[in-house]
$ cat target-v3.csv   # CSV, C-alpha atoms
chain,number,residue,atom,x,y,z
N,960,MET,CA,114.2,189.5,-17.0
N,961,LEU,CA,111.3,190.2,-14.6
N,962,GLY,CA,110.6,186.5,-14.2
N,963,VAL,CA,114.1,185.8,-13.1
N,964,ALA,CA,114.0,188.7,-10.6
N,965,SER,CA,110.6,187.7,-9.2
N,966,GLU,CA,112.0,184.2,-8.4
N,967,ARG,CA,115.0,185.7,-6.7
N,968,TRP,CA,113.3,188.5,-4.8
N,969,PRO,CA,109.6,187.5,-4.4
N,970,HIS,CA,109.2,189.7,-1.3
N,971,ILE,CA,109.9,192.8,-3.3
N,972,PHE,CA,106.9,192.6,-5.6
N,973,SER,CA,104.5,192.6,-2.7
N,974,ALA,CA,106.3,195.5,-1.0
N,975,LEU,CA,106.4,198.0,-3.9
N,976,PRO,CA,103.2,199.7,-5.1
N,977,THR,CA,102.7,199.3,-8.8
N,978,ARG,CA,101.5,202.8,-9.3
N,979,SER,CA,102.1,206.2,-7.7
N,980,THR,CA,101.0,209.8,-8.2
N,981,TRP,CA,102.4,213.2,-7.3
N,982,ARG,CA,101.1,215.1,-4.3
N,983,ARG,CA,98.6,217.8,-5.3
N,984,GLY,CA,97.8,221.2,-4.0
N,985,GLN,CA,101.1,222.1,-2.3
N,986,ALA,CA,102.3,225.6,-2.9
N,987,HIS,CA,105.7,226.2,-4.6
N,988,THR,CA,106.0,222.5,-5.4
N,989,ARG,CA,107.3,221.1,-8.7
N,990,HIS,CA,107.0,217.5,-9.7
N,991,ALA,CA,109.7,215.0,-10.8
N,992,ALA,CA,110.4,211.3,-11.1
N,993,VAL,CA,113.5,209.2,-11.1
N,994,MET,CA,114.3,205.6,-12.2
N,995,ALA,CA,116.5,203.4,-9.9
N,996,LEU,CA,117.8,200.8,-12.4
N,997,ILE,CA,118.9,197.4,-11.0
N,998,SER,CA,120.6,194.7,-13.0
N,999,PRO,CA,119.0,191.4,-11.8
N,1000,ALA,CA,122.2,189.4,-12.0
N,1001,ASP,CA,123.8,187.0,-9.5
N,1002,ALA,CA,125.8,190.0,-8.4
N,1003,PRO,CA,123.3,192.9,-8.8
N,1004,SER,CA,124.3,196.5,-9.4
N,1005,ILE,CA,122.5,199.8,-9.3
N,1006,LEU,CA,123.0,202.5,-12.0
N,1007,PHE,CA,123.7,206.1,-11.2
N,1008,THR,CA,124.6,209.1,-13.3
N,1009,GLN,CA,127.0,212.0,-12.4
N,1010,ARG,CA,125.6,215.3,-13.7
N,1011,ALA,CA,127.7,217.1,-16.2
N,1012,GLN,CA,129.7,220.1,-15.1
N,1013,GLY,CA,128.3,223.5,-16.0
N,1014,ILE,CA,124.7,222.7,-15.3
N,1015,PRO,CA,122.8,223.1,-12.0
N,1016,GLN,CA,124.1,220.6,-9.4
N,1017,GLY,CA,126.9,219.7,-11.8
N,1018,GLY,CA,129.0,216.8,-10.4
N,1019,GLN,CA,126.2,215.5,-8.2
N,1020,VAL,CA,125.4,211.8,-8.4
N,1021,SER,CA,121.8,211.0,-9.2
N,1022,PHE,CA,119.4,208.5,-10.7
N,1023,PRO,CA,118.2,209.1,-14.3
N,1024,GLY,CA,115.1,211.3,-14.0
N,1025,GLY,CA,113.9,214.8,-14.0
N,1026,GLY,CA,111.0,217.2,-14.0
N,1027,ARG,CA,107.4,216.6,-15.2
N,1028,GLU,CA,106.6,218.0,-18.6
N,1029,GLU,CA,103.3,219.5,-19.7
N,1030,GLY,CA,100.7,216.8,-20.2
N,1031,GLU,CA,102.5,214.2,-18.1
N,1032,ASN,CA,100.1,213.0,-15.4
N,1033,ASP,CA,101.8,209.7,-14.7
N,1034,PRO,CA,105.2,209.9,-12.9
N,1035,ARG,CA,106.2,206.6,-14.5
N,1036,ILE,CA,106.0,208.3,-18.0
N,1037,THR,CA,108.2,211.1,-16.7
N,1038,ALA,CA,110.8,208.7,-15.3
N,1039,LEU,CA,110.9,206.6,-18.5
N,1040,ARG,CA,111.2,209.6,-20.7
N,1041,GLU,CA,113.9,211.2,-18.7
N,1042,THR,CA,115.8,207.9,-18.6
N,1043,ARG,CA,115.8,207.6,-22.3
N,1044,GLU,CA,116.8,211.3,-22.8
N,1045,GLU,CA,119.7,211.1,-20.3
N,1046,ILE,CA,121.3,207.7,-20.9
N,1047,GLY,CA,119.7,206.4,-24.1
N,1048,LEU,CA,117.9,203.5,-22.5
N,1049,PRO,CA,114.4,203.0,-24.1
N,1050,PRO,CA,111.4,202.0,-22.1
N,1051,SER,CA,111.2,198.7,-23.9
N,1052,GLU,CA,114.4,197.6,-22.2
N,1053,ILE,CA,113.2,198.5,-18.7
N,1054,GLU,CA,110.9,196.3,-16.5
N,1055,VAL,CA,109.3,198.7,-14.0
N,1056,VAL,CA,108.8,196.8,-10.8
N,1057,GLY,CA,107.0,199.5,-8.9
N,1058,ALA,CA,107.5,202.7,-7.0
N,1059,LEU,CA,109.1,203.2,-3.7
N,1060,PRO,CA,106.6,203.9,-0.9
N,1061,GLY,CA,106.4,207.6,0.0
N,1062,HIS,CA,107.7,210.7,-1.8
N,1063,ALA,CA,111.1,212.4,-1.7
N,1064,ARG,CA,111.4,216.1,-1.5
N,1065,THR,CA,114.5,218.0,-2.7
N,1066,ARG,CA,116.0,221.3,-1.5
N,1067,LEU,CA,114.6,222.8,-4.7
N,1068,HIS,CA,111.1,221.9,-3.6
N,1069,TYR,CA,110.6,219.1,-6.1
N,1070,ASP,CA,108.1,216.3,-5.1
N,1071,VAL,CA,109.8,213.2,-6.4
N,1072,VAL,CA,108.5,209.8,-7.1
N,1073,ALA,CA,111.1,207.1,-7.3
N,1074,PHE,CA,110.5,204.0,-9.5
N,1075,VAL,CA,112.5,200.7,-9.4
N,1076,GLY,CA,113.3,199.3,-12.8
N,1077,LEU,CA,115.2,196.1,-14.0
N,1078,TRP,CA,117.5,196.2,-17.0
N,1079,ASN,CA,120.1,194.0,-18.6
N,1080,GLY,CA,123.1,195.9,-17.0
N,1081,GLN,CA,125.0,196.3,-20.3
N,1082,ILE,CA,126.4,199.7,-19.5
N,1083,ASP,CA,128.4,199.9,-22.7
N,1084,SER,CA,125.2,199.9,-24.7
N,1085,LEU,CA,124.0,203.2,-23.2
N,1086,VAL,CA,124.3,206.5,-25.0
N,1087,PRO,CA,124.5,209.3,-22.3
N,1088,ASN,CA,123.5,212.8,-23.2
N,1089,ALA,CA,126.7,214.7,-22.8
N,1090,GLN,CA,124.9,218.0,-22.1
N,1091,GLU,CA,123.3,216.5,-19.0
N,1092,VAL,CA,125.4,213.4,-17.9
N,1093,GLY,CA,129.1,213.5,-17.2
N,1094,ARG,CA,129.4,209.8,-16.7
N,1095,VAL,CA,127.4,206.7,-15.9
N,1096,LEU,CA,128.2,204.5,-12.9
N,1097,SER,CA,127.1,200.9,-12.4
N,1098,VAL,CA,127.9,200.2,-8.7
N,1099,PRO,CA,127.7,196.7,-7.4
N,1100,VAL,CA,125.4,196.3,-4.4
N,1101,SER,CA,128.3,194.5,-2.6
N,1102,GLU,CA,130.2,197.8,-2.8
N,1103,LEU,CA,127.2,199.9,-1.6
N,1104,ILE,CA,126.6,197.8,1.5
N,1105,HIS,CA,130.3,197.4,2.5
N,1106,GLU,CA,131.0,199.3,5.7
N,1107,ARG,CA,134.1,201.0,4.3
N,1108,ASN,CA,131.8,202.8,1.7
N,1109,ARG,CA,129.1,203.9,4.1
N,1110,VAL,CA,129.2,207.4,5.5
N,1111,THR,CA,126.9,210.0,7.0
N,1112,TRP,CA,127.0,213.1,4.8
N,1113,GLU,CA,126.8,216.6,6.3
N,1114,ILE,CA,125.9,219.9,4.7
N,1115,ASP,CA,124.6,223.4,5.5
N,1116,GLY,CA,125.7,223.5,9.1
N,1117,GLY,CA,124.5,220.1,10.3
N,1118,HIS,CA,121.9,218.7,7.9
N,1119,ARG,CA,122.8,215.0,7.6
N,1120,GLY,CA,121.8,211.7,6.0
N,1121,PRO,CA,123.0,208.3,5.0
N,1122,GLY,CA,125.5,208.3,2.2
N,1123,PHE,CA,128.0,206.2,0.1
N,1124,TRP,CA,131.5,206.9,-0.9
N,1125,VAL,CA,132.2,204.7,-3.9
N,1126,ASP,CA,134.0,204.9,-7.3
N,1127,ASP,CA,135.7,208.1,-6.1
N,1128,VAL,CA,132.3,209.9,-5.8
N,1129,LEU,CA,130.0,210.8,-2.9
N,1130,ILE,CA,126.4,209.7,-3.2
N,1131,TRP,CA,124.4,211.9,-0.9
N,1132,GLY,CA,121.1,213.7,-0.5
N,1133,MET,CA,117.9,212.4,-2.0
N,1134,THR,CA,119.8,209.9,-4.2
N,1135,ALA,CA,121.5,208.4,-1.2
N,1136,GLY,CA,118.2,208.3,0.7
N,1137,ILE,CA,116.5,206.4,-2.1
N,1138,THR,CA,119.5,204.0,-2.3
N,1139,ASN,CA,119.4,203.4,1.4
N,1140,ALA,CA,115.7,202.6,1.2
N,1141,LEU,CA,116.3,200.2,-1.8
N,1142,LEU,CA,119.0,198.3,0.2
N,1143,GLU,CA,116.6,197.9,3.1
N,1144,ILE,CA,113.6,196.8,1.0
N,1145,PHE,CA,115.6,194.3,-0.9
N,1146,GLY,CA,117.1,192.9,2.3
N,1147,TRP,CA,120.6,193.8,1.3
N,1148,SER,CA,121.5,196.4,4.0
N,1149,GLU,CA,124.3,195.6,6.4
N,1150,PRO,CA,125.3,197.3,9.7
N,1151,TRP,CA,127.5,200.4,9.3
N,1152,ASN,CA,129.1,203.1,11.3
N,1153,HIS,CA,126.7,206.1,11.3
N,1154,SER,CA,129.2,208.2,13.2
N,1155,ARG,CA,131.6,208.5,10.2
N,1156,ILE,CA,130.7,212.0,9.2
N,1157,VAL,CA,131.8,213.3,5.7
N,1158,PRO,CA,131.1,217.0,4.7
N,1159,VAL,CA,129.8,217.2,1.2
N,1160,PRO,CA,132.7,218.4,-1.0
N,1161,PRO,CA,131.9,221.3,-3.4
N,1162,GLU,CA,132.5,219.2,-6.5
N,1163,PHE,CA,129.6,216.9,-5.6
N,1164,ARG,CA,127.0,219.6,-4.9

$ encode --input "target-v3.csv" --output "structure tokens"
Amino acid sequence: MLGVASERWPHIFSALPTRSTWRRGQAHTRHAAVMALISPADAPSILFTQRAQGIPQGGQVSFPGGGREEGENDPRITALRETREEIGLPPSEIEVVGALPGHARTRLHYDVVAFVGLWNGQIDSLVPNAQEVGRVLSVPVSELIHERNRVTWEIDGGHRGPGFWVDDVLIWGMTAGITNALLEIFGWSEPWNHSRIVPVPPEFR
């Protein structure tokens, strides 16, 4: 799987650091990690989850991932554990390419490391945890980059960022920012209309 991808996207492997660590010493900061899963097919797709209703940020679209547990000093371990817990995909079926440069920070003061992983794309083989995941979405890159699906989300009186309106859901916030960075790093990004402003609906917050 990794060999096929390395032949198709050789520039990616030199662009992504193979390891990453959380920032240290910042007050009121918690640590988390996510896994952006890409199927390295001729028509690649990116996997997202929609959080189950009734939990914090229920309905929000995200990547598999979550908070660091006691004893976890490597963000990669956290990302792989959370991916298995949320969608039933074991680490043995993921080729971790590397981590995205930089760190994301959420509104809940999480310092987040985002990893890029390759998997076989067989979404029917996944076993989502119904307590955490409402559904799993495999979105073709061709849909993510299409101008009709690109928006600028807006929330909290003017806070904005790049977003995606696909599969009847809005991808916004940190997840959309990571997705936007992925598209640019892989050379997939296309021009789009940044002036198309979409307020974040309550069901996706």

$ residues_around --input "target-v3.csv" --residues "Pro1099 of chain N" --least-positions-apart "3" --cutoff "7 Å" --atoms "only C-alpha atoms" --output "number ranges by chain"
N: 1003-1005, 1102-1103

$ write_last_selection --input "target-v3.csv" --atoms "C-alpha atoms" --output "mmCIF file, in the frame of the given file"
data_model
loop_
_atom_site.group_PDB
_atom_site.id
_atom_site.type_symbol
_atom_site.label_atom_id
_atom_site.label_comp_id
_atom_site.auth_asym_id
_atom_site.auth_seq_id
_atom_site.Cartn_x
_atom_site.Cartn_y
_atom_site.Cartn_z
ATOM 1 C CA PRO N 1003 123.300 192.900 -8.800
ATOM 2 C CA SER N 1004 124.300 196.500 -9.400
ATOM 3 C CA ILE N 1005 122.500 199.800 -9.300
ATOM 4 C CA GLU N 1102 130.200 197.800 -2.800
ATOM 5 C CA LEU N 1103 127.200 199.900 -1.600
#

$ closest_residue --input "target-v3.csv" --among "N:Ile1053, N:Ile1144, N:Val1159, N:Leu1059" --to "Gly1122 of chain N" --atoms "all atoms listed in the file"
N:Val1159

$ closest_residue --input "target-v3.csv" --among "N:Phe1163, N:Leu996, N:Ser1154, N:Phe1123" --to "Val1056 of chain N" --atoms "all atoms listed in the file"
N:Leu996

$ closest_residue --input "target-v3.csv" --among "N:Ile997, N:Val1071, N:Ile1082, N:Ala992" --to "Phe1145 of chain N" --atoms "only C-alpha atoms"
N:Ile997

$ atom_distance --input "target-v3.csv" --atom1 "atom CA of Ile1130 of chain N" --atom2 "atom CA of Thr1042 of chain N"
18.8 Å

$ closest_residue --input "target-v3.csv" --among "N:Arg1094, N:His1105, N:Arg1155, N:Arg1119" --to "Val1020 of chain N" --atoms "all atoms listed in the file"
N:Arg1094

$ atom_distance --input "target-v3.csv" --atom1 "atom CA of His1118 of chain N" --atom2 "atom CA of Ala991 of chain N"
22.6 Å

$ closest_residue --input "target-v3.csv" --among "N:Gly1018, N:Pro999, N:Thr1008, N:Arg1027" --to "Asp1070 of chain N" --atoms "all atoms listed in the file"
N:Arg1027

$ closest_residue --input "target-v3.csv" --among "N:Val1157, N:Leu1048, N:Val1075, N:Val1098" --to "Pro1060 of chain N" --atoms "all atoms listed in the file"
N:Val1075

$ atom_distance --input "target-v3.csv" --atom1 "atom CA of Glu1149 of chain N" --atom2 "atom CA of Gln1019 of chain N"
24.8 Å

$ residues_near_point --input "target-v3.csv" --point "(119.2, 203.4, 1.2)" --cutoff "12 Å" --atoms "all atoms listed in the file" --output "number ranges by chain"
N: 995, 1005, 1059, 1100, 1103-1104, 1109-1111, 1120-1123, 1130-1149, 1151

$ residues_around --input "target-v3.csv" --residues "Arg1010 of chain N" --least-positions-apart "6" --cutoff "10 Å" --atoms "only C-alpha atoms" --output "mmCIF file with C-alpha atoms, keeping the file's coordinate frame"
data_model
loop_
_atom_site.group_PDB
_atom_site.id
_atom_site.type_symbol
_atom_site.label_atom_id
_atom_site.label_comp_id
_atom_site.auth_asym_id
_atom_site.auth_seq_id
_atom_site.Cartn_x
_atom_site.Cartn_y
_atom_site.Cartn_z
ATOM 1 C CA GLN N 1016 124.100 220.600 -9.400
ATOM 2 C CA GLY N 1017 126.900 219.700 -11.800
ATOM 3 C CA GLY N 1018 129.000 216.800 -10.400
ATOM 4 C CA GLN N 1019 126.200 215.500 -8.200
ATOM 5 C CA VAL N 1020 125.400 211.800 -8.400
ATOM 6 C CA SER N 1021 121.800 211.000 -9.200
ATOM 7 C CA PHE N 1022 119.400 208.500 -10.700
ATOM 8 C CA PRO N 1023 118.200 209.100 -14.300
ATOM 9 C CA GLU N 1045 119.700 211.100 -20.300
ATOM 10 C CA ALA N 1089 126.700 214.700 -22.800
ATOM 11 C CA GLN N 1090 124.900 218.000 -22.100
ATOM 12 C CA GLU N 1091 123.300 216.500 -19.000
ATOM 13 C CA VAL N 1092 125.400 213.400 -17.900
ATOM 14 C CA GLY N 1093 129.100 213.500 -17.200
ATOM 15 C CA ARG N 1094 129.400 209.800 -16.700
ATOM 16 C CA VAL N 1095 127.400 206.700 -15.900
ATOM 17 C CA PHE N 1163 129.600 216.900 -5.600
ATOM 18 C CA ARG N 1164 127.000 219.600 -4.900
#
